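A.B. asks: I'm passing along query-v4.txt; it holds compact mmCIF, N, CA and C atoms.
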# COMPACT_ATOMS: atom_id res chain seq x y z
N MET N 1 15.23 110.98 133.60
CA MET N 1 14.90 111.68 132.38
C MET N 1 14.72 110.64 131.28
N GLY N 2 13.72 110.86 130.47
CA GLY N 2 13.46 109.94 129.37
C GLY N 2 14.36 110.22 128.18
N SER N 3 14.23 109.37 127.18
CA SER N 3 15.08 109.51 126.00
C SER N 3 14.81 110.83 125.27
N THR N 4 13.57 111.29 125.27
CA THR N 4 13.26 112.56 124.61
C THR N 4 14.03 113.70 125.27
N GLY N 5 14.06 113.72 126.60
CA GLY N 5 14.80 114.76 127.32
C GLY N 5 16.29 114.70 127.06
N ARG N 6 16.85 113.48 127.05
CA ARG N 6 18.29 113.34 126.77
C ARG N 6 18.63 113.81 125.36
N ILE N 7 17.80 113.43 124.41
CA ILE N 7 18.02 113.86 123.03
C ILE N 7 17.97 115.39 122.94
N GLY N 8 16.98 115.98 123.58
CA GLY N 8 16.84 117.44 123.56
C GLY N 8 18.04 118.14 124.17
N GLU N 9 18.56 117.60 125.27
CA GLU N 9 19.73 118.22 125.91
C GLU N 9 20.97 118.11 125.02
N GLU N 10 21.13 116.98 124.34
CA GLU N 10 22.26 116.83 123.41
C GLU N 10 22.16 117.86 122.28
N ILE N 11 20.96 118.00 121.73
CA ILE N 11 20.73 118.96 120.64
C ILE N 11 20.99 120.38 121.14
N ALA N 12 20.46 120.70 122.32
CA ALA N 12 20.62 122.05 122.87
C ALA N 12 22.09 122.37 123.14
N ALA N 13 22.84 121.43 123.72
CA ALA N 13 24.26 121.68 124.02
C ALA N 13 25.04 121.93 122.74
N ALA N 14 24.79 121.13 121.72
CA ALA N 14 25.48 121.32 120.44
C ALA N 14 25.09 122.66 119.81
N TRP N 15 23.81 122.98 119.86
CA TRP N 15 23.30 124.22 119.28
C TRP N 15 23.94 125.43 119.96
N LEU N 16 24.00 125.41 121.31
CA LEU N 16 24.61 126.51 122.05
C LEU N 16 26.10 126.63 121.71
N GLY N 17 26.78 125.50 121.62
CA GLY N 17 28.20 125.50 121.29
C GLY N 17 28.47 126.12 119.93
N ARG N 18 27.60 125.85 118.96
CA ARG N 18 27.78 126.44 117.63
C ARG N 18 27.56 127.95 117.64
N ARG N 19 26.93 128.45 118.68
CA ARG N 19 26.67 129.89 118.78
C ARG N 19 27.61 130.58 119.76
N GLY N 20 28.68 129.90 120.12
CA GLY N 20 29.73 130.54 120.91
C GLY N 20 29.67 130.35 122.40
N LEU N 21 28.66 129.67 122.92
CA LEU N 21 28.63 129.39 124.34
C LEU N 21 29.46 128.14 124.61
N ARG N 22 30.13 128.11 125.75
CA ARG N 22 30.95 126.96 126.11
C ARG N 22 30.24 126.21 127.22
N VAL N 23 29.86 124.97 126.95
CA VAL N 23 29.19 124.15 127.96
C VAL N 23 30.23 123.72 128.99
N ILE N 24 29.98 124.06 130.26
CA ILE N 24 30.93 123.71 131.33
C ILE N 24 30.34 122.71 132.32
N GLY N 25 29.06 122.40 132.19
CA GLY N 25 28.44 121.41 133.07
C GLY N 25 27.11 120.96 132.52
N ARG N 26 26.75 119.73 132.87
CA ARG N 26 25.46 119.17 132.43
C ARG N 26 24.82 118.46 133.60
N ASN N 27 23.52 118.59 133.73
CA ASN N 27 22.73 117.89 134.73
C ASN N 27 23.30 118.07 136.13
N TRP N 28 23.57 119.32 136.49
CA TRP N 28 24.13 119.63 137.80
C TRP N 28 23.00 119.66 138.83
N ARG N 29 23.12 118.85 139.87
CA ARG N 29 22.06 118.70 140.86
C ARG N 29 22.41 119.39 142.17
N ALA N 30 21.37 119.97 142.75
CA ALA N 30 21.47 120.58 144.08
C ALA N 30 20.14 120.34 144.77
N GLY N 31 20.13 119.45 145.75
CA GLY N 31 18.87 119.13 146.42
C GLY N 31 17.87 118.58 145.43
N ARG N 32 16.70 119.21 145.37
CA ARG N 32 15.64 118.76 144.46
C ARG N 32 15.73 119.42 143.09
N GLY N 33 16.69 120.31 142.91
CA GLY N 33 16.81 121.03 141.65
C GLY N 33 17.92 120.48 140.77
N GLU N 34 17.77 120.71 139.50
CA GLU N 34 18.78 120.31 138.53
C GLU N 34 18.89 121.38 137.46
N ILE N 35 20.12 121.70 137.11
CA ILE N 35 20.37 122.62 136.01
C ILE N 35 20.78 121.76 134.82
N ASP N 36 20.01 121.83 133.74
CA ASP N 36 20.28 120.98 132.57
C ASP N 36 21.65 121.25 131.98
N ILE N 37 21.94 122.52 131.73
CA ILE N 37 23.22 122.90 131.13
C ILE N 37 23.73 124.15 131.84
N VAL N 38 25.01 124.12 132.20
CA VAL N 38 25.68 125.33 132.68
C VAL N 38 26.69 125.68 131.59
N ALA N 39 26.61 126.91 131.11
CA ALA N 39 27.48 127.34 130.02
C ALA N 39 28.11 128.67 130.39
N SER N 40 29.10 129.05 129.61
CA SER N 40 29.67 130.38 129.79
C SER N 40 29.65 131.09 128.44
N GLU N 41 29.44 132.38 128.52
CA GLU N 41 29.50 133.25 127.34
C GLU N 41 30.31 134.46 127.78
N GLY N 42 31.59 134.46 127.44
CA GLY N 42 32.49 135.47 127.99
C GLY N 42 32.60 135.23 129.49
N ARG N 43 32.37 136.27 130.28
CA ARG N 43 32.42 136.13 131.74
C ARG N 43 31.05 135.89 132.34
N THR N 44 30.05 135.68 131.51
CA THR N 44 28.70 135.41 131.99
C THR N 44 28.47 133.91 132.12
N ILE N 45 27.97 133.49 133.27
CA ILE N 45 27.57 132.10 133.46
C ILE N 45 26.09 132.01 133.10
N VAL N 46 25.77 131.04 132.26
CA VAL N 46 24.42 130.89 131.74
C VAL N 46 23.85 129.57 132.25
N PHE N 47 22.75 129.65 133.01
CA PHE N 47 22.05 128.47 133.49
C PHE N 47 20.92 128.21 132.51
N VAL N 48 20.95 127.03 131.88
CA VAL N 48 20.03 126.74 130.77
C VAL N 48 19.06 125.63 131.16
N GLU N 49 17.79 125.92 131.03
CA GLU N 49 16.74 124.91 131.18
C GLU N 49 16.33 124.48 129.77
N VAL N 50 16.38 123.18 129.52
CA VAL N 50 16.03 122.64 128.21
C VAL N 50 14.66 121.97 128.33
N LYS N 51 13.76 122.33 127.44
CA LYS N 51 12.44 121.70 127.38
C LYS N 51 12.27 121.10 126.00
N THR N 52 11.97 119.82 125.97
CA THR N 52 11.88 119.08 124.71
C THR N 52 10.51 118.43 124.59
N ARG N 53 9.96 118.51 123.40
CA ARG N 53 8.69 117.82 123.11
C ARG N 53 8.73 117.30 121.69
N ARG N 54 7.95 116.31 121.46
CA ARG N 54 7.75 115.82 120.09
C ARG N 54 6.68 116.70 119.46
N LEU N 55 6.78 116.91 118.15
CA LEU N 55 5.84 117.75 117.43
C LEU N 55 4.44 117.17 117.58
N GLY N 56 3.51 118.00 117.93
CA GLY N 56 2.13 117.56 118.10
C GLY N 56 1.33 118.64 118.79
N PRO N 57 0.13 118.30 119.23
CA PRO N 57 -0.70 119.30 119.89
C PRO N 57 -0.11 119.70 121.24
N GLY N 58 -0.51 120.84 121.70
CA GLY N 58 -0.03 121.32 123.00
C GLY N 58 0.70 122.62 122.84
N GLY N 59 1.04 123.19 123.96
CA GLY N 59 1.73 124.47 123.95
C GLY N 59 3.21 124.32 123.66
N ARG N 60 3.86 125.44 123.70
CA ARG N 60 5.31 125.45 123.48
C ARG N 60 6.00 124.81 124.68
N PRO N 61 7.10 124.11 124.44
CA PRO N 61 7.79 123.45 125.55
C PRO N 61 8.22 124.41 126.65
N GLY N 62 8.67 125.61 126.28
CA GLY N 62 9.14 126.57 127.27
C GLY N 62 8.08 127.07 128.22
N GLU N 63 6.81 126.88 127.87
CA GLU N 63 5.73 127.31 128.75
C GLU N 63 5.72 126.52 130.05
N ALA N 64 6.42 125.39 130.08
CA ALA N 64 6.51 124.57 131.29
C ALA N 64 7.44 125.19 132.34
N VAL N 65 8.16 126.24 131.98
CA VAL N 65 9.05 126.90 132.94
C VAL N 65 8.21 127.96 133.66
N ASP N 66 7.42 127.46 134.60
CA ASP N 66 6.50 128.31 135.34
C ASP N 66 7.18 128.86 136.60
N ARG N 67 6.43 129.55 137.41
CA ARG N 67 6.98 130.19 138.61
C ARG N 67 7.66 129.18 139.53
N ARG N 68 7.03 128.04 139.75
CA ARG N 68 7.62 127.02 140.62
C ARG N 68 8.94 126.54 140.05
N LYS N 69 9.00 126.28 138.74
CA LYS N 69 10.23 125.80 138.10
C LYS N 69 11.32 126.87 138.17
N ARG N 70 10.95 128.13 137.97
CA ARG N 70 11.93 129.22 138.07
C ARG N 70 12.52 129.29 139.48
N ARG N 71 11.68 129.09 140.49
CA ARG N 71 12.15 129.12 141.87
C ARG N 71 13.14 127.98 142.12
N VAL N 72 12.84 126.78 141.64
CA VAL N 72 13.74 125.64 141.80
C VAL N 72 15.07 125.91 141.08
N LEU N 73 15.00 126.43 139.85
CA LEU N 73 16.21 126.73 139.09
C LEU N 73 17.05 127.81 139.77
N THR N 74 16.39 128.82 140.32
CA THR N 74 17.11 129.89 141.01
C THR N 74 17.87 129.34 142.21
N ARG N 75 17.24 128.47 142.98
CA ARG N 75 17.91 127.87 144.14
C ARG N 75 19.08 126.99 143.71
N ALA N 76 18.88 126.21 142.68
CA ALA N 76 19.97 125.35 142.18
C ALA N 76 21.12 126.20 141.67
N ALA N 77 20.81 127.30 140.99
CA ALA N 77 21.86 128.19 140.50
C ALA N 77 22.63 128.81 141.66
N GLY N 78 21.92 129.18 142.71
CA GLY N 78 22.59 129.72 143.89
C GLY N 78 23.55 128.71 144.49
N ALA N 79 23.14 127.44 144.52
CA ALA N 79 24.02 126.38 145.03
C ALA N 79 25.23 126.20 144.11
N TRP N 80 25.01 126.29 142.79
CA TRP N 80 26.14 126.17 141.84
C TRP N 80 27.13 127.30 142.07
N ILE N 81 26.63 128.51 142.22
CA ILE N 81 27.49 129.67 142.44
C ILE N 81 28.29 129.49 143.73
N ALA N 82 27.63 129.03 144.78
CA ALA N 82 28.31 128.81 146.06
C ALA N 82 29.40 127.73 145.94
N ALA N 83 29.15 126.73 145.10
CA ALA N 83 30.12 125.63 144.92
C ALA N 83 31.26 126.01 143.98
N HIS N 84 31.12 127.12 143.26
CA HIS N 84 32.13 127.57 142.30
C HIS N 84 32.46 129.04 142.54
N PRO N 85 33.01 129.38 143.72
CA PRO N 85 33.26 130.79 144.03
C PRO N 85 34.23 131.43 143.03
N GLY N 86 33.94 132.69 142.73
CA GLY N 86 34.82 133.43 141.83
C GLY N 86 34.60 133.13 140.36
N THR N 87 33.61 132.30 140.05
CA THR N 87 33.35 131.95 138.66
C THR N 87 32.35 132.95 138.07
N GLY N 88 32.69 133.52 136.95
CA GLY N 88 31.77 134.39 136.23
C GLY N 88 31.70 135.79 136.80
N GLY N 89 31.31 136.70 135.96
CA GLY N 89 31.13 138.08 136.36
C GLY N 89 29.66 138.44 136.45
N ALA N 90 28.86 137.71 135.69
CA ALA N 90 27.41 137.92 135.68
C ALA N 90 26.76 136.55 135.47
N PHE N 91 25.46 136.49 135.74
CA PHE N 91 24.72 135.24 135.61
C PHE N 91 23.39 135.52 134.93
N ARG N 92 22.92 134.55 134.17
CA ARG N 92 21.59 134.69 133.56
C ARG N 92 20.96 133.31 133.40
N PHE N 93 19.64 133.34 133.16
CA PHE N 93 18.87 132.12 132.96
C PHE N 93 18.31 132.11 131.53
N ASP N 94 18.64 131.08 130.77
CA ASP N 94 18.13 130.91 129.41
C ASP N 94 17.21 129.70 129.37
N VAL N 95 16.33 129.67 128.40
CA VAL N 95 15.51 128.50 128.11
C VAL N 95 15.77 128.13 126.66
N VAL N 96 15.98 126.84 126.42
CA VAL N 96 16.10 126.33 125.05
C VAL N 96 14.97 125.34 124.84
N GLU N 97 14.15 125.61 123.85
CA GLU N 97 13.08 124.71 123.45
C GLU N 97 13.58 123.85 122.30
N VAL N 98 13.33 122.57 122.39
CA VAL N 98 13.65 121.66 121.29
C VAL N 98 12.36 120.92 120.95
N THR N 99 11.95 121.03 119.70
CA THR N 99 10.77 120.31 119.22
C THR N 99 11.24 119.29 118.21
N LEU N 100 10.95 118.03 118.49
CA LEU N 100 11.38 116.94 117.62
C LEU N 100 10.27 116.63 116.63
N ALA N 101 10.59 116.70 115.36
CA ALA N 101 9.63 116.42 114.30
C ALA N 101 10.01 115.11 113.63
N ALA N 102 9.06 114.21 113.50
CA ALA N 102 9.33 112.91 112.88
C ALA N 102 9.81 113.11 111.45
N GLY N 103 10.99 112.58 111.15
CA GLY N 103 11.52 112.64 109.79
C GLY N 103 12.12 113.96 109.39
N GLY N 104 12.11 114.93 110.29
CA GLY N 104 12.67 116.24 109.95
C GLY N 104 13.67 116.68 110.99
N PRO N 105 14.35 117.77 110.71
CA PRO N 105 15.32 118.28 111.69
C PRO N 105 14.61 118.82 112.92
N PRO N 106 15.26 118.79 114.06
CA PRO N 106 14.64 119.37 115.25
C PRO N 106 14.55 120.88 115.11
N LEU N 107 13.54 121.44 115.74
CA LEU N 107 13.37 122.89 115.77
C LEU N 107 13.90 123.37 117.12
N VAL N 108 14.81 124.35 117.10
CA VAL N 108 15.41 124.85 118.32
C VAL N 108 15.09 126.34 118.44
N ASP N 109 14.63 126.73 119.61
CA ASP N 109 14.36 128.14 119.89
C ASP N 109 15.05 128.47 121.22
N HIS N 110 15.92 129.46 121.19
CA HIS N 110 16.71 129.85 122.35
C HIS N 110 16.18 131.16 122.89
N TRP N 111 15.84 131.18 124.17
CA TRP N 111 15.38 132.39 124.82
C TRP N 111 16.48 132.86 125.77
N PRO N 112 17.41 133.70 125.32
CA PRO N 112 18.44 134.22 126.23
C PRO N 112 17.79 135.12 127.29
N ASP N 113 18.33 135.05 128.50
CA ASP N 113 17.85 135.89 129.60
C ASP N 113 16.33 135.78 129.73
N ALA N 114 15.85 134.53 129.73
CA ALA N 114 14.41 134.25 129.69
C ALA N 114 13.68 134.71 130.93
N PHE N 115 14.34 134.72 132.07
CA PHE N 115 13.70 135.17 133.30
C PHE N 115 14.75 135.63 134.29
N ALA N 116 14.31 136.44 135.24
CA ALA N 116 15.21 136.90 136.30
C ALA N 116 15.18 135.90 137.45
N ALA N 117 16.20 135.94 138.28
CA ALA N 117 16.24 135.06 139.46
C ALA N 117 14.94 135.26 140.24
N ASP N 118 14.34 134.16 140.64
CA ASP N 118 13.03 134.18 141.31
C ASP N 118 13.16 133.41 142.62
N ALA N 119 13.49 134.10 143.67
CA ALA N 119 13.70 133.44 144.96
C ALA N 119 12.44 133.37 145.80
N THR N 120 11.30 133.83 145.26
CA THR N 120 10.08 133.83 146.06
C THR N 120 9.40 132.50 146.03
Translate this structure into structure tokens?

C.D. replies:
Amino acid sequence: MGSTGRIGEEIAAAWLGRRGLRVIGRNWRAGRGEIDIVASEGRTIVFVEVKTRRLGPGGRPGEAVDRRKRRVLTRAAGAWIAAHPGTGGAFRFDVVEVTLAAGGPPLVDHWPDAFAADAT
């Protein structure tokens, strides 16, 4: 991961924490998949994909979470659940977009429950 991605994940973790989510894991790997942030909100386990871009032309960072990426995240989340039996009462997938603007504060957009598990 490049420095932009690391910066975005730091910003996203802090942002989520300020909104009551508790970060319980970062960069959790399973095979070819990685979960950027694993958090909890009450008894819900939240698998968070962070997408970071510098301000400029192009689409929104979250648009990169396409069908293939959702499938990889779903499999990694399944592996996390298997490795942590009895954890959580419910599970969801969130996307956090971080846009870095030169000389200004980062822009953060959180999409709770951004997609359903996609095992296809």

A.B. asks: Considering all atoms listed in the file, return as a PyMOL selection string whatever protein or nucleic-acid residues lie within 6.5 Å of region 108-118 of chain N, sequence-local ones (same chain, fewer than 2 positions apart) excluded.

C.D. replies: chain N and resi 70-71+74-75+92-99+106+120

A.B. asks: Could you pull out the strand (DSSP E or B) residues of chain N, going by DSSP on the backbone, and write them as JSON, numbers by chain?

C.D. replies: {"N": [22, 23, 24, 25, 26, 27, 28, 29, 30, 33, 34, 35, 36, 37, 38, 39, 40, 41, 44, 45, 46, 47, 48, 49, 50, 51, 52, 53, 54, 90, 91, 92, 93, 94, 95, 96, 97, 98, 99, 100, 107, 108, 109, 110, 111, 112, 113, 114, 115]}

A.B. asks: When you draw a straight line from CA of Arg60 (chain N) to atom C of Leu107 (chain N), how long is it in Å?

C.D. replies: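 So the two atoms, CA of Arg60 (chain N) and atom C of Leu107 (chain N), lie 10.9 Å apart.
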
A.B. asks: Using only C-alpha atoms, find the one residue out of N:Ile37, N:Val23, N:Ala77, N:Leu55 that sits nearest to Phe91 (chain N).

C.D. replies: N:Ala77

A.B. asks: State, in Å with one decimal place, the distance from CA of Ile45 (chain N) to CA of Ile81 (chain N).

C.D. replies: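 CA of Ile45 (chain N) sits 9.3 Å away from CA of Ile81 (chain N).
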
A.B. asks: At a cut-off of 6 Å, can you tabulate as a tab-separated table every residue of region 53-100 of chain N near region 39-44 of chain N together with its closest atom pair and the distance in Å to one decimal, using only C-alpha atoms and ordering rows by chain then number?

C.D. replies:
residue	atom	partner	partner_atom	distance
N:Gly88	CA	N:Arg43	CA	4.9
N:Gly89	CA	N:Arg43	CA	5.2
N:Ala90	CA	N:Thr44	CA	4.6
N:Phe91	CA	N:Thr44	CA	5.4

A.B. asks: Report, in Å to a single decimal, how far apart CA of Glu49 (chain N) and atom C of Thr4 (chain N) are.

C.D. replies: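 Going from atom C of Thr4 (chain N) over to CA of Glu49 (chain N) covers 13.0 Å.
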
A.B. asks: Would you compute an axis-aligned box for region 23-36 of chain N, covering every atom listed for it in the file with 3 Å of margin on each side, and report centre and edge lengths in Å to one decimal as lines of an AutoDock Vina configuration file?

C.D. replies:
center_x = 23.3
center_y = 121.4
center_z = 136.7
size_x = 21.3
size_y = 13.1
size_z = 25.5

A.B. asks: Using only C-alpha atoms, which of N:Trp15, N:Leu100, N:Ala76, N:Arg22 sits nearest Asp36 (chain N)?

C.D. replies: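 Checking each candidate against Asp36 (chain N), we get N:Ala76 as the closest.
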
A.B. asks: Could you write out, as a PyMOL selection string, all the residues of chain N that DSSP marks as alpha helix (DSSP H)?

C.D. replies: chain N and resi 3-18+67-83
